[in-house]
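Coordinates as given in structure.cif (mmCIF, C-alpha atoms, pLDDT in the B column; chains and numbers go by the auth columns):
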```cif
data_work
#
loop_
_atom_site.group_PDB
_atom_site.id
_atom_site.type_symbol
_atom_site.label_atom_id
_atom_site.label_comp_id
_atom_site.label_asym_id
_atom_site.label_seq_id
_atom_site.Cartn_x
_atom_site.Cartn_y
_atom_site.Cartn_z
_atom_site.B_iso_or_equiv
_atom_site.auth_seq_id
_atom_site.auth_asym_id
ATOM 1 C CA MET A 1 55.582 100.004 110.835 43.00 1 A
ATOM 2 C CA ASN A 2 54.900 96.312 111.014 50.00 2 A
ATOM 3 C CA GLY A 3 58.403 95.193 109.993 53.00 3 A
ATOM 4 C CA VAL A 4 57.284 94.047 106.535 53.00 4 A
ATOM 5 C CA PRO A 5 59.551 95.511 103.850 54.00 5 A
ATOM 6 C CA GLY A 6 57.896 98.013 101.565 55.00 6 A
ATOM 7 C CA PRO A 7 57.610 97.378 97.837 53.00 7 A
ATOM 8 C CA TYR A 8 60.242 100.039 97.109 53.00 8 A
ATOM 9 C CA MET A 9 62.913 98.717 99.458 53.00 9 A
ATOM 10 C CA SER A 10 65.149 96.966 96.922 55.00 10 A
ATOM 11 C CA GLU A 11 65.040 99.113 93.758 62.00 11 A
ATOM 12 C CA PRO A 12 68.481 100.815 93.663 64.00 12 A
ATOM 13 C CA SER A 13 67.399 104.333 92.672 62.00 13 A
ATOM 14 C CA LEU A 14 64.506 104.248 95.128 75.00 14 A
ATOM 15 C CA LEU A 15 66.809 102.996 97.840 81.00 15 A
ATOM 16 C CA LEU A 16 68.998 106.002 97.051 84.00 16 A
ATOM 17 C CA PHE A 17 65.961 108.276 97.441 88.00 17 A
ATOM 18 C CA ARG A 18 65.244 106.902 100.907 90.00 18 A
ATOM 19 C CA ARG A 19 68.877 107.218 101.975 90.00 19 A
ATOM 20 C CA ARG A 20 69.257 110.715 100.595 92.00 20 A
ATOM 21 C CA LEU A 21 66.041 111.956 102.169 95.00 21 A
ATOM 22 C CA ALA A 22 67.118 110.506 105.520 95.00 22 A
ATOM 23 C CA ALA A 23 70.588 112.085 105.148 93.00 23 A
ATOM 24 C CA LEU A 24 69.138 115.502 104.329 95.00 24 A
ATOM 25 C CA MET A 25 66.821 115.307 107.316 96.00 25 A
ATOM 26 C CA ARG A 26 69.660 114.221 109.614 95.00 26 A
ATOM 27 C CA ILE A 27 72.124 116.856 108.381 93.00 27 A
ATOM 28 C CA THR A 28 69.591 119.681 108.598 92.00 28 A
ATOM 29 C CA GLY A 29 68.130 118.442 111.887 94.00 29 A
ATOM 30 C CA THR A 30 64.666 118.312 110.321 96.00 30 A
ATOM 31 C CA SER A 31 62.117 116.020 111.963 96.00 31 A
ATOM 32 C CA GLN A 32 59.402 114.158 110.086 96.00 32 A
ATOM 33 C CA GLU A 33 56.857 116.548 111.588 97.00 33 A
ATOM 34 C CA GLU A 34 58.799 119.664 110.538 97.00 34 A
ATOM 35 C CA LEU A 35 59.354 118.377 107.019 97.00 35 A
ATOM 36 C CA ALA A 36 55.734 117.335 106.674 97.00 36 A
ATOM 37 C CA GLU A 37 54.539 120.777 107.713 97.00 37 A
ATOM 38 C CA SER A 38 56.949 122.584 105.400 96.00 38 A
ATOM 39 C CA ILE A 39 55.871 120.626 102.312 97.00 39 A
ATOM 40 C CA GLY A 40 52.183 120.183 103.128 96.00 40 A
ATOM 41 C CA GLN A 41 52.235 116.468 103.870 96.00 41 A
ATOM 42 C CA SER A 42 51.528 114.344 106.922 97.00 42 A
ATOM 43 C CA PRO A 43 54.337 112.975 109.119 97.00 43 A
ATOM 44 C CA ARG A 44 52.970 109.522 108.280 96.00 44 A
ATOM 45 C CA SER A 45 53.634 110.152 104.565 96.00 45 A
ATOM 46 C CA ILE A 46 57.232 111.083 105.326 97.00 46 A
ATOM 47 C CA GLY A 47 57.588 107.890 107.367 96.00 47 A
ATOM 48 C CA LEU A 48 56.178 105.809 104.527 94.00 48 A
ATOM 49 C CA TRP A 49 58.708 107.337 102.114 94.00 49 A
ATOM 50 C CA LEU A 50 61.578 106.701 104.521 94.00 50 A
ATOM 51 C CA THR A 51 60.621 103.045 104.934 90.00 51 A
ATOM 52 C CA GLY A 52 60.023 102.375 101.237 85.00 52 A
ATOM 53 C CA VAL A 53 56.325 101.639 101.607 85.00 53 A
ATOM 54 C CA ARG A 54 55.330 104.543 99.362 87.00 54 A
ATOM 55 C CA LEU A 55 56.943 107.050 97.042 86.00 55 A
ATOM 56 C CA PRO A 56 56.231 110.771 96.992 93.00 56 A
ATOM 57 C CA SER A 57 54.109 112.192 94.211 93.00 57 A
ATOM 58 C CA ALA A 58 55.759 114.411 91.613 93.00 58 A
ATOM 59 C CA ALA A 59 54.426 117.470 93.459 96.00 59 A
ATOM 60 C CA SER A 60 55.831 116.219 96.767 96.00 60 A
ATOM 61 C CA LEU A 61 59.167 115.398 95.156 95.00 61 A
ATOM 62 C CA LYS A 62 59.312 118.947 93.812 96.00 62 A
ATOM 63 C CA ALA A 63 58.462 120.311 97.265 97.00 63 A
ATOM 64 C CA LEU A 64 61.228 118.179 98.829 97.00 64 A
ATOM 65 C CA SER A 65 63.679 119.442 96.236 95.00 65 A
ATOM 66 C CA ARG A 66 62.806 123.053 97.043 96.00 66 A
ATOM 67 C CA ALA A 67 62.762 122.510 100.806 95.00 67 A
ATOM 68 C CA PHE A 68 66.299 121.113 100.851 95.00 68 A
ATOM 69 C CA GLY A 69 67.704 123.039 97.892 93.00 69 A
ATOM 70 C CA VAL A 70 68.752 119.939 95.966 91.00 70 A
ATOM 71 C CA PRO A 71 67.687 118.783 92.488 87.00 71 A
ATOM 72 C CA ALA A 72 64.859 116.266 92.351 88.00 72 A
ATOM 73 C CA ASP A 73 67.037 114.172 90.027 83.00 73 A
ATOM 74 C CA TRP A 74 69.652 114.002 92.762 82.00 74 A
ATOM 75 C CA LEU A 75 67.059 112.806 95.257 88.00 75 A
ATOM 76 C CA LEU A 76 66.189 110.025 92.828 82.00 76 A
ATOM 77 C CA GLY A 77 69.803 109.358 91.863 75.00 77 A
ATOM 78 C CA THR A 78 69.141 109.493 88.131 68.00 78 A
ATOM 79 C CA ASP A 79 71.708 111.957 86.771 59.00 79 A
ATOM 80 C CA THR A 80 75.411 112.035 87.607 61.00 80 A
ATOM 81 C CA VAL A 81 75.776 115.788 86.994 58.00 81 A
ATOM 82 C CA GLU A 82 72.854 116.474 89.282 58.00 82 A
ATOM 83 C CA ILE A 83 74.212 113.994 91.811 63.00 83 A
ATOM 84 C CA ALA A 84 77.449 115.963 91.962 69.00 84 A
ATOM 85 C CA ALA A 85 75.502 119.192 92.445 71.00 85 A
ATOM 86 C CA GLY A 86 73.488 117.541 95.216 72.00 86 A
ATOM 87 C CA LEU A 87 76.622 116.352 96.977 76.00 87 A
ATOM 88 C CA VAL A 88 78.049 119.861 96.852 79.00 88 A
ATOM 89 C CA ARG A 89 74.781 121.158 98.320 80.00 89 A
ATOM 90 C CA LEU A 90 74.883 118.508 101.073 81.00 90 A
ATOM 91 C CA GLY A 91 78.378 119.727 101.963 82.00 91 A
ATOM 92 C CA GLU A 92 77.187 123.343 102.056 85.00 92 A
ATOM 93 C CA ILE A 93 74.270 122.398 104.316 84.00 93 A
ATOM 94 C CA ALA A 94 76.576 120.459 106.642 83.00 94 A
ATOM 95 C CA VAL A 95 79.056 123.346 106.868 84.00 95 A
ATOM 96 C CA ALA A 96 76.295 125.880 107.499 83.00 96 A
ATOM 97 C CA GLY A 97 74.808 123.641 110.177 75.00 97 A
ATOM 98 C CA SER A 98 78.135 123.230 111.925 74.00 98 A
ATOM 99 C CA ARG A 99 78.651 127.002 111.958 70.00 99 A
ATOM 100 C CA GLU A 100 75.285 127.487 113.615 65.00 100 A
ATOM 101 C CA THR A 101 76.105 125.025 116.375 59.00 101 A
ATOM 102 C CA ASP A 102 79.821 125.849 116.814 56.00 102 A
ATOM 103 C CA PRO A 103 80.230 128.490 119.554 55.00 103 A
ATOM 104 C CA ARG A 104 83.579 129.511 118.025 55.00 104 A
ATOM 105 C CA ALA A 105 81.752 130.570 114.857 49.00 105 A
ATOM 106 C CA ILE A 106 79.663 133.147 116.716 50.00 106 A
ATOM 107 C CA SER A 107 80.907 136.656 116.198 49.00 107 A
ATOM 108 C CA SER A 108 81.731 138.702 119.259 46.00 108 A
ATOM 109 C CA ASP A 109 80.721 142.033 117.653 48.00 109 A
ATOM 110 C CA GLY A 110 79.070 144.509 119.872 43.00 110 A
#
```
Here is the file; what I need is its structure written in the form of structure tokens.
Amino acid sequence: MNGVPGPYMSEPSLLLFRRRLAALMRITGTSQEELAESIGQSPRSIGLWLTGVRLPSAASLKALSRAFGVPADWLLGTDTVEIAAGLVRLGEIAVAGSRETDPRAISSDG
């Protein structure tokens, strides 16, 4: 990017969207390229969302919600009940991710 702030950089709920998308990607270890492929978008589109230059369409928001298993409302930060559900889901994702990378969590069956 050229360092110029995007038009969606200061709106609180849209700032939440950017932060939550980045957090989900970080926690799940999902790259822009992987996410783009899984939801049928370009890596550039993901980058534009993360920098606040553009917002996802309703269809893309729905695809993001499904890809990460969180409510679209939580991604947008619009509903406190949904936010709580999203936070619980973030915790579940983080725990599952740590189990996959923790050698102590691997069963020694066999």
**Item:** Coordinates-based distance that separates CA of Leu15 (chain A) from CA of Ser98 (chain A) (Å, one decimal)
**Value:**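 Computed distance, CA of Ser98 (chain A) to CA of Leu15 (chain A), equals 27.1 Å.
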**Message:** When you count all atoms listed in the file, which of these residues is closest to Ile46 (chain A): A:Leu90, A:Glu34, A:Ala59, A:Gly77?
**Reply:**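 Going through A:Leu90, A:Glu34, A:Ala59, A:Gly77 one by one, the smallest distance to Ile46 (chain A) is for A:Glu34.
Between CA of Ala94 (chain A) and CA of Ser38 (chain A) lies a distance of 19.8 Å.
For Arg89 (chain A), the set of protein, DNA and RNA residues having any atom at most 12 Å away, when counting only C-alpha atoms and skipping those fewer than 6 positions along the same chain, is Leu24, Ile27, Thr28, Ser65, Phe68, Gly69, Val70, Pro71, Trp74, Leu75, Glu82, Ile83, Val95 and Ala96 of chain A.
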**Counting all atoms listed in the file, the option among A:Gln32, A:Leu76, A:Gly86, A:Glu37 closest to Leu55 (chain A)** =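 Closest to Leu55 (chain A) of all the choices is A:Leu76.
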**Request:** For CA of Leu48 (chain A) and CA of Arg18 (chain A), quote the distance in Å rounded to one decimal.
**Result:** 9.8 Å
**Complete:** Judged by all atoms listed in the file, the minimum distance to Gly29 (chain A) among A:Gly97, A:Gly47, A:Pro56, A:Gly91 is found for A:Gly97
